[in-house]
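Enquirer: Following this line is data04.cif, made up of mmCIF, C-alpha atoms and all ligand atoms:
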```cif
data_work
#
loop_
_atom_site.label_atom_id
_atom_site.label_comp_id
_atom_site.auth_asym_id
_atom_site.auth_seq_id
_atom_site.Cartn_x
_atom_site.Cartn_y
_atom_site.Cartn_z
CA MET B 1 -28.69 14.97 -2.99
CA LYS B 2 -27.38 15.91 0.42
CA VAL B 3 -23.75 17.07 0.51
CA GLU B 4 -21.87 17.20 3.81
CA ALA B 5 -18.31 18.33 4.48
CA THR B 6 -16.03 16.34 6.77
CA ARG B 7 -13.13 17.55 8.87
CA LEU B 8 -10.76 16.79 5.97
CA PRO B 9 -10.76 19.29 3.10
CA GLY B 10 -12.29 17.86 -0.05
CA VAL B 11 -13.55 14.66 1.58
CA LEU B 12 -17.36 14.72 1.28
CA ILE B 13 -20.35 12.67 2.33
CA LEU B 14 -22.97 12.46 -0.42
CA THR B 15 -26.43 11.09 0.27
CA PRO B 16 -28.59 10.64 -2.83
CA LYS B 17 -32.34 10.95 -2.48
CA ARG B 18 -34.33 7.72 -2.16
CA PHE B 19 -37.90 7.47 -3.46
CA GLY B 20 -39.56 4.88 -1.29
CA ASP B 21 -42.83 3.10 -2.03
CA HIS B 22 -44.50 -0.23 -1.31
CA ARG B 23 -41.94 -2.01 -3.53
CA GLY B 24 -38.88 -0.62 -1.83
CA PHE B 25 -36.99 2.41 -3.12
CA PHE B 26 -35.48 3.97 -6.21
CA SER B 27 -32.35 6.11 -6.08
CA GLU B 28 -29.99 7.71 -8.57
CA SER B 29 -26.78 6.56 -6.96
CA TRP B 30 -24.67 8.81 -9.21
CA ASN B 31 -25.80 11.82 -11.21
CA ARG B 32 -23.22 14.43 -12.25
CA ARG B 33 -25.84 17.06 -13.04
CA THR B 34 -27.59 16.75 -9.67
CA LEU B 35 -24.29 16.97 -7.85
CA GLU B 36 -23.19 20.02 -9.84
CA ALA B 37 -26.51 21.68 -9.01
CA ALA B 38 -25.58 21.08 -5.36
CA GLY B 39 -22.29 22.89 -5.98
CA VAL B 40 -19.91 19.92 -6.26
CA SER B 41 -17.91 19.01 -9.35
CA LEU B 42 -16.03 15.71 -9.28
CA PRO B 43 -13.47 14.48 -11.83
CA GLU B 44 -14.49 11.99 -14.51
CA PHE B 45 -14.83 8.37 -13.39
CA VAL B 46 -13.32 5.65 -15.58
CA GLN B 47 -13.66 2.44 -13.53
CA ASP B 48 -16.25 0.96 -11.16
CA ASN B 49 -15.18 -1.62 -8.55
CA HIS B 50 -17.21 -4.04 -6.48
CA SER B 51 -15.92 -6.14 -3.59
CA LEU B 52 -17.47 -8.55 -1.13
CA SER B 53 -16.03 -9.26 2.29
CA ARG B 54 -17.43 -12.31 4.02
CA ALA B 55 -16.36 -11.87 7.64
CA VAL B 56 -17.18 -9.09 10.07
CA GLY B 57 -13.95 -7.25 10.84
CA THR B 58 -12.46 -7.63 7.38
CA VAL B 59 -10.13 -4.70 6.76
CA ARG B 60 -9.05 -3.64 3.26
CA GLY B 61 -6.53 -0.82 3.20
CA LEU B 62 -5.10 1.61 3.63
CA HIS B 63 -4.56 1.87 -0.14
CA PHE B 64 -3.57 4.40 -2.79
CA GLN B 65 -2.23 4.59 -6.31
CA SER B 66 0.72 6.91 -6.94
CA PRO B 67 0.76 9.57 -9.64
CA PRO B 68 0.40 9.49 -12.59
CA HIS B 69 -2.41 7.04 -11.76
CA ALA B 70 -3.67 8.50 -8.48
CA GLN B 71 -7.35 7.76 -7.94
CA GLY B 72 -10.25 9.65 -6.44
CA LYS B 73 -12.91 7.22 -5.22
CA LEU B 74 -16.63 7.53 -4.60
CA VAL B 75 -17.51 4.70 -2.23
CA ARG B 76 -20.85 3.25 -1.21
CA CYS B 77 -22.06 0.13 0.52
CA GLY B 78 -24.33 -2.07 -1.60
CA ARG B 79 -25.01 -4.60 1.16
CA GLY B 80 -24.22 -4.65 4.87
CA ARG B 81 -22.30 -1.96 6.74
CA ILE B 82 -18.74 -0.66 6.73
CA PHE B 83 -16.59 1.91 8.50
CA ASP B 84 -14.96 3.74 5.61
CA VAL B 85 -11.81 5.79 6.18
CA ALA B 86 -9.79 8.44 4.37
CA VAL B 87 -6.33 9.58 5.54
CA ASP B 88 -4.75 12.76 4.22
CA ALA B 89 -1.42 11.75 2.63
CA ARG B 90 -0.61 15.10 0.97
CA ARG B 91 2.71 16.17 2.42
CA GLY B 92 2.60 19.81 3.44
CA ALA B 93 -1.18 19.87 3.94
CA PRO B 94 -2.29 21.21 7.35
CA SER B 95 -4.31 18.00 7.80
CA TYR B 96 -1.49 15.64 6.69
CA GLY B 97 -1.85 12.36 8.58
CA GLN B 98 -5.35 13.13 9.82
CA TRP B 99 -8.22 10.78 9.12
CA VAL B 100 -12.01 10.68 8.87
CA GLY B 101 -14.18 7.61 9.26
CA GLU B 102 -17.84 7.33 8.29
CA GLU B 103 -20.30 4.50 8.54
CA LEU B 104 -21.66 3.61 5.11
CA SER B 105 -24.44 1.06 4.89
CA PHE B 106 -27.06 -0.26 2.54
CA GLU B 107 -29.58 1.28 4.93
CA ASN B 108 -28.17 4.80 5.16
CA GLY B 109 -27.22 5.05 1.45
CA ARG B 110 -24.34 7.40 2.24
CA GLN B 111 -21.33 7.70 -0.05
CA LEU B 112 -17.84 8.92 0.75
CA TRP B 113 -15.91 10.95 -1.82
CA ILE B 114 -12.17 10.50 -1.30
CA PRO B 115 -10.03 12.68 -3.59
CA ALA B 116 -6.63 11.66 -4.95
CA GLY B 117 -3.95 12.25 -2.32
CA PHE B 118 -5.79 10.40 0.42
CA LEU B 119 -5.36 6.81 1.58
CA HIS B 120 -8.52 4.71 1.61
CA GLY B 121 -9.58 1.70 3.62
CA PHE B 122 -12.51 0.18 5.42
CA MET B 123 -13.60 -2.32 8.05
CA THR B 124 -16.73 -4.40 7.60
CA LEU B 125 -19.27 -4.27 10.43
CA GLU B 126 -21.65 -6.92 9.08
CA PRO B 127 -21.05 -10.26 7.38
CA ASP B 128 -21.19 -10.30 3.57
CA SER B 129 -20.71 -6.57 3.18
CA GLU B 130 -20.30 -5.33 -0.37
CA ILE B 131 -18.79 -2.08 -1.49
CA ILE B 132 -19.15 -0.46 -4.87
CA TYR B 133 -16.93 2.43 -5.84
CA LYS B 134 -16.21 4.64 -8.78
CA CYS B 135 -12.59 5.56 -9.56
CA THR B 136 -11.07 8.46 -11.48
CA ASP B 137 -8.18 6.44 -12.89
CA HIS B 138 -7.71 2.87 -14.06
CA TYR B 139 -6.09 0.16 -11.98
CA ALA B 140 -2.31 0.43 -12.34
CA PRO B 141 -0.65 -2.34 -10.29
CA GLU B 142 2.78 -0.73 -10.69
CA CYS B 143 1.43 2.34 -8.81
CA ASP B 144 -0.42 0.35 -6.15
CA GLY B 145 0.63 1.14 -2.57
CA GLY B 146 -0.49 0.60 0.99
CA VAL B 147 0.00 1.64 4.58
CA ARG B 148 -0.72 -0.48 7.67
CA TRP B 149 -4.35 -0.07 8.72
CA ASP B 150 -3.39 0.27 12.40
CA SER B 151 -0.59 2.82 12.03
CA CYS B 152 -2.52 6.06 11.57
CA GLY B 153 -4.24 6.37 14.94
CA ILE B 154 -7.63 5.57 13.44
CA ASP B 155 -10.34 4.93 15.98
CA TRP B 156 -11.57 1.72 14.33
CA PRO B 157 -14.83 0.18 15.60
CA LEU B 158 -14.92 -3.46 16.78
CA ALA B 159 -11.97 -3.01 19.14
CA GLY B 160 -10.74 -6.43 20.17
CA VAL B 161 -11.75 -8.21 16.97
CA THR B 162 -8.77 -9.66 15.08
CA PRO B 163 -9.15 -8.25 11.58
CA VAL B 164 -9.15 -10.35 8.43
CA LEU B 165 -6.43 -8.91 6.18
CA SER B 166 -4.87 -9.76 2.83
CA GLU B 167 -1.25 -10.90 2.89
CA LYS B 168 -0.31 -7.65 1.15
CA ASP B 169 -2.06 -5.53 3.80
CA GLU B 170 -0.40 -7.52 6.61
CA LYS B 171 2.99 -6.56 5.23
CA ALA B 172 2.28 -2.90 4.44
CA PRO B 173 4.61 -0.30 5.97
CA ALA B 174 3.55 1.85 8.91
CA PHE B 175 2.51 5.41 8.17
CA ALA B 176 5.63 6.67 9.96
CA ASP B 177 7.84 4.76 7.48
CA PHE B 178 5.82 5.64 4.41
CA VAL B 179 7.21 8.11 1.87
CA THR B 180 4.15 9.71 0.39
CA PRO B 181 4.06 10.42 -3.34
CA PHE B 182 1.47 13.17 -2.75
CA ARG B 183 2.07 16.89 -2.16
CA ALA B 184 -0.38 19.54 -1.03
CA GLU B 185 -1.17 22.05 -3.76
CA VAL B 186 0.09 25.50 -2.81
C1 LIG P 1 -7.89 -2.80 -6.99
C2 LIG P 1 -7.89 -3.81 -8.15
C3 LIG P 1 -7.49 -5.11 -7.96
N1 LIG P 1 -7.49 -5.96 -8.99
C4 LIG P 1 -7.06 -7.36 -8.73
C5 LIG P 1 -5.66 -7.50 -8.18
C6 LIG P 1 -5.76 -8.68 -7.25
O1 LIG P 1 -5.52 -9.88 -7.97
C7 LIG P 1 -7.21 -8.70 -6.81
C8 LIG P 1 -7.41 -8.20 -5.38
O2 LIG P 1 -6.78 -6.94 -5.25
P1 LIG P 1 -6.57 -6.26 -3.85
O3 LIG P 1 -6.15 -7.28 -2.86
O4 LIG P 1 -5.67 -5.08 -4.05
O5 LIG P 1 -8.05 -5.78 -3.51
P2 LIG P 1 -8.51 -4.83 -2.31
O6 LIG P 1 -7.71 -5.11 -1.11
O7 LIG P 1 -9.98 -4.89 -2.22
O8 LIG P 1 -8.06 -3.39 -2.86
C9 LIG P 1 -8.93 -2.29 -2.85
O9 LIG P 1 -9.02 -1.82 -1.51
C10 LIG P 1 -9.78 -0.63 -1.34
C11 LIG P 1 -9.66 -0.22 0.11
C12 LIG P 1 -9.43 0.44 -2.29
O10 LIG P 1 -9.44 1.63 -1.98
C13 LIG P 1 -9.20 0.01 -3.70
O11 LIG P 1 -8.67 1.06 -4.49
C14 LIG P 1 -8.35 -1.21 -3.79
O12 LIG P 1 -7.01 -0.88 -3.38
O13 LIG P 1 -7.92 -7.89 -7.73
C15 LIG P 1 -7.87 -5.60 -10.25
O14 LIG P 1 -7.86 -6.40 -11.21
N2 LIG P 1 -8.30 -4.31 -10.45
C16 LIG P 1 -8.32 -3.40 -9.44
O15 LIG P 1 -8.73 -2.21 -9.68
#
```
When written as structure tokens, how does the structure in this file appear?
Ligand SMILES: Cc1cn([C@H]2C[C@H](O)[C@@H](COP(=O)(O)OP(=O)(O)O[C@H]3O[C@@H](C)C(=O)[C@@H](O)[C@H]3O)O2)c(=O)[nH]c1=O
Expert:
Amino acid sequence: MKVEATRLPGVLILTPKRFGDHRGFFSESWNRRTLEAAGVSLPEFVQDNHSLSRAVGTVRGLHFQSPPHAQGKLVRCGRGRIFDVAVDARRGAPSYGQWVGEELSFENGRQLWIPAGFLHGFMTLEPDSEIIYKCTDHYAPECDGGVRWDSCGIDWPLAGVTPVLSEKDEKAPAFADFVTPFRAEV
């Protein structure tokens, strides 16, 4: 298991080992013990999600759940390729409003760990891209929130492509108008 830091505190890139042979590969996509041996302890996961986006340039996000149902998410790409993004939404944090974006693909097997307190979203870079992610809290629609994908200064790939968005994401407030429910721990 390779563990890499990003420029946002607590946001990590995890790359599980793949054992390749003439059939393909085998990989433990999640193993708490292996990760702890690498020095990383993540909260307990209670829900796994799986989504498929048909068109290239589909954008889902930027999403969060408010406390008491804030979610940390461990995201990977089961098919295709995505640009996965975390935005620090913890008011008072030195990196408040800053973002990181990483390419996750079936090929590279990388995973992005996004702790609670960060917005999450992604853009698909190949047709029929699937993401699979583990969450540290259950879905709580009453705590569901979003911020406009294009309001955080994110350097999205595929400039010029009109993104495919849900109606909810079209109507999300801009980051500048968003009152975050998250605070930096002091
Ligand atoms: C997120 C979620 C949605 N749903 C339902 C609600 C709705 O009818 C349908 C589609 O929901 P959405 O449009 O919110 O799906 P989507 O836009 O894919 O939302 C997801 O986006 C990514 C970026 C995230 O980080 C996730 O946490 C989640 O917010 O699925 C659940 O039943 N459970 C869930 O956990």
Enquirer: Take the point (-16.3, 18.5, 1.5) as written in the file and pick out every residue within 10 Å of it, counting only C-alpha atoms; give the list as a compact mmCIF listing (two decimals) with C-alpha atoms, keeping the file's coordinate frame.
Expert:
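Once written, selection-v6.txt looks like this:
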```txt
# COMPACT_ATOMS: atom_id res chain seq x y z
CA VAL B 3 -23.75 17.07 0.51
CA GLU B 4 -21.87 17.20 3.81
CA ALA B 5 -18.31 18.33 4.48
CA THR B 6 -16.03 16.34 6.77
CA ARG B 7 -13.13 17.55 8.87
CA LEU B 8 -10.76 16.79 5.97
CA PRO B 9 -10.76 19.29 3.10
CA GLY B 10 -12.29 17.86 -0.05
CA VAL B 11 -13.55 14.66 1.58
CA LEU B 12 -17.36 14.72 1.28
CA ILE B 13 -20.35 12.67 2.33
CA LEU B 14 -22.97 12.46 -0.42
CA VAL B 40 -19.91 19.92 -6.26
CA LEU B 112 -17.84 8.92 0.75
CA TRP B 113 -15.91 10.95 -1.82
CA ILE B 114 -12.17 10.50 -1.30
CA PRO B 115 -10.03 12.68 -3.59
```
Enquirer: Once you count only C-alpha atoms, what closest atom pair and distance in Å to one decimal does each residue of region 91-141 of chain B within 10 Å of region 157-164 of chain B have, with rows by chain and rising residue number, as JSON lines?
Expert:
```
{"residue": "B:Gly101", "atom": "CA", "partner": "B:Pro157", "partner_atom": "CA", "distance": 9.8}
{"residue": "B:Glu103", "atom": "CA", "partner": "B:Pro157", "partner_atom": "CA", "distance": 9.9}
{"residue": "B:Met123", "atom": "CA", "partner": "B:Pro157", "partner_atom": "CA", "distance": 8.0}
{"residue": "B:Thr124", "atom": "CA", "partner": "B:Pro163", "partner_atom": "CA", "distance": 9.4}
{"residue": "B:Leu125", "atom": "CA", "partner": "B:Leu158", "partner_atom": "CA", "distance": 7.7}
```
Enquirer: Taking only C-alpha atoms and all ligand atoms into account, which of B:Pro181, B:Pro141, B:Pro67, B:Gly24 comes nearest ligand LIG 1 (chain P)?
Expert: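 Comparing B:Pro181, B:Pro141, B:Pro67, B:Gly24 against ligand LIG 1 (chain P), the winner is B:Pro141.
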Enquirer: Can you list every residue of chain B that has an atom at most 9 Å from ligand LIG 1 (chain P), with its nearest atom pair and the distance in Å to one decimal, using only C-alpha atoms and all ligand atoms, ordered by chain then number, as a Markdown table?
Expert:
```
| residue | atom | partner | partner_atom | distance |
| --- | --- | --- | --- | --- |
| B:Gln47 | CA | P:LIG1 | O15 | 7.8 |
| B:Asp48 | CA | P:LIG1 | O15 | 8.3 |
| B:Asn49 | CA | P:LIG1 | O15 | 6.6 |
| B:His50 | CA | P:LIG1 | O7 | 8.4 |
| B:Ser51 | CA | P:LIG1 | O7 | 6.2 |
| B:Leu52 | CA | P:LIG1 | O7 | 8.4 |
| B:Ser53 | CA | P:LIG1 | O7 | 8.7 |
| B:Val59 | CA | P:LIG1 | C11 | 8.0 |
| B:Arg60 | CA | P:LIG1 | C11 | 4.7 |
| B:Gly61 | CA | P:LIG1 | C11 | 4.4 |
| B:Leu62 | CA | P:LIG1 | C11 | 6.0 |
| B:His63 | CA | P:LIG1 | O12 | 4.9 |
| B:Phe64 | CA | P:LIG1 | O11 | 6.3 |
| B:Gln65 | CA | P:LIG1 | O11 | 7.6 |
| B:Gln71 | CA | P:LIG1 | O11 | 7.7 |
| B:Gly72 | CA | P:LIG1 | O11 | 8.9 |
| B:Lys73 | CA | P:LIG1 | O10 | 7.3 |
| B:Val75 | CA | P:LIG1 | O10 | 8.6 |
| B:Asp84 | CA | P:LIG1 | C11 | 8.6 |
| B:Val85 | CA | P:LIG1 | C11 | 8.8 |
| B:Leu119 | CA | P:LIG1 | O10 | 7.5 |
| B:His120 | CA | P:LIG1 | O10 | 4.8 |
| B:Gly121 | CA | P:LIG1 | C11 | 4.0 |
| B:Phe122 | CA | P:LIG1 | C11 | 6.0 |
| B:Tyr133 | CA | P:LIG1 | C13 | 8.4 |
| B:Cys135 | CA | P:LIG1 | O11 | 7.8 |
| B:His138 | CA | P:LIG1 | O15 | 6.8 |
| B:Tyr139 | CA | P:LIG1 | O15 | 4.2 |
| B:Ala140 | CA | P:LIG1 | O15 | 7.4 |
| B:Pro141 | CA | P:LIG1 | C5 | 7.5 |
| B:Asp144 | CA | P:LIG1 | O12 | 7.3 |
| B:Gly145 | CA | P:LIG1 | O12 | 7.9 |
| B:Gly146 | CA | P:LIG1 | O12 | 8.0 |
| B:Leu165 | CA | P:LIG1 | O6 | 8.3 |
| B:Ser166 | CA | P:LIG1 | O3 | 6.3 |
| B:Glu167 | CA | P:LIG1 | O3 | 8.4 |
| B:Lys168 | CA | P:LIG1 | O3 | 7.1 |
| B:Asp169 | CA | P:LIG1 | O6 | 7.5 |
```
Enquirer: How far is it from CA of Asp137 (chain B) to CA of Asn108 (chain B), in Å with one decimal?
Expert: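 CA of Asp137 (chain B) sits 27.0 Å away from CA of Asn108 (chain B).
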Enquirer: Can you measure CA of Val147 (chain B) to CA of Ile82 (chain B) for me? One decimal in Å is fine.
Expert: 19.0 Å
Enquirer: Quick one: everything within 6 Å of Leu104 (chain B), counting all atoms listed in the file, minus sequence neighbours fewer than 2 positions away in the same chain. Send it as an MDAnalysis selection string.
Expert: chainID B and resid 77 81:82 110
Enquirer: For a test of reading the model, state the distance in Å between CA of Ala93 (chain B) and CA of Glu142 (chain B), rounded to one decimal.
Expert: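 About the pair CA of Ala93 (chain B) and CA of Glu142 (chain B): they are 25.6 Å apart.
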Enquirer: Can you work out which one of B:Ile154, B:Trp30, B:Gly117, B:Arg148 has the shortest atom-to-atom distance to Glu170 (chain B), counting all atoms listed in the file?
Expert: B:Arg148
Enquirer: Taking all atoms of region 181-186 of chain B that the file lists and extending 4 Å past them on each side, where is the centre of the axis-aligned box and how long are its edges? Answer in Å to one decimal, as AutoDock Vina command-line options.
Expert:
```
--center_x 1.4 --center_y 18.0 --center_z -2.4 --size_x 13.2 --size_y 23.1 --size_z 10.7
```
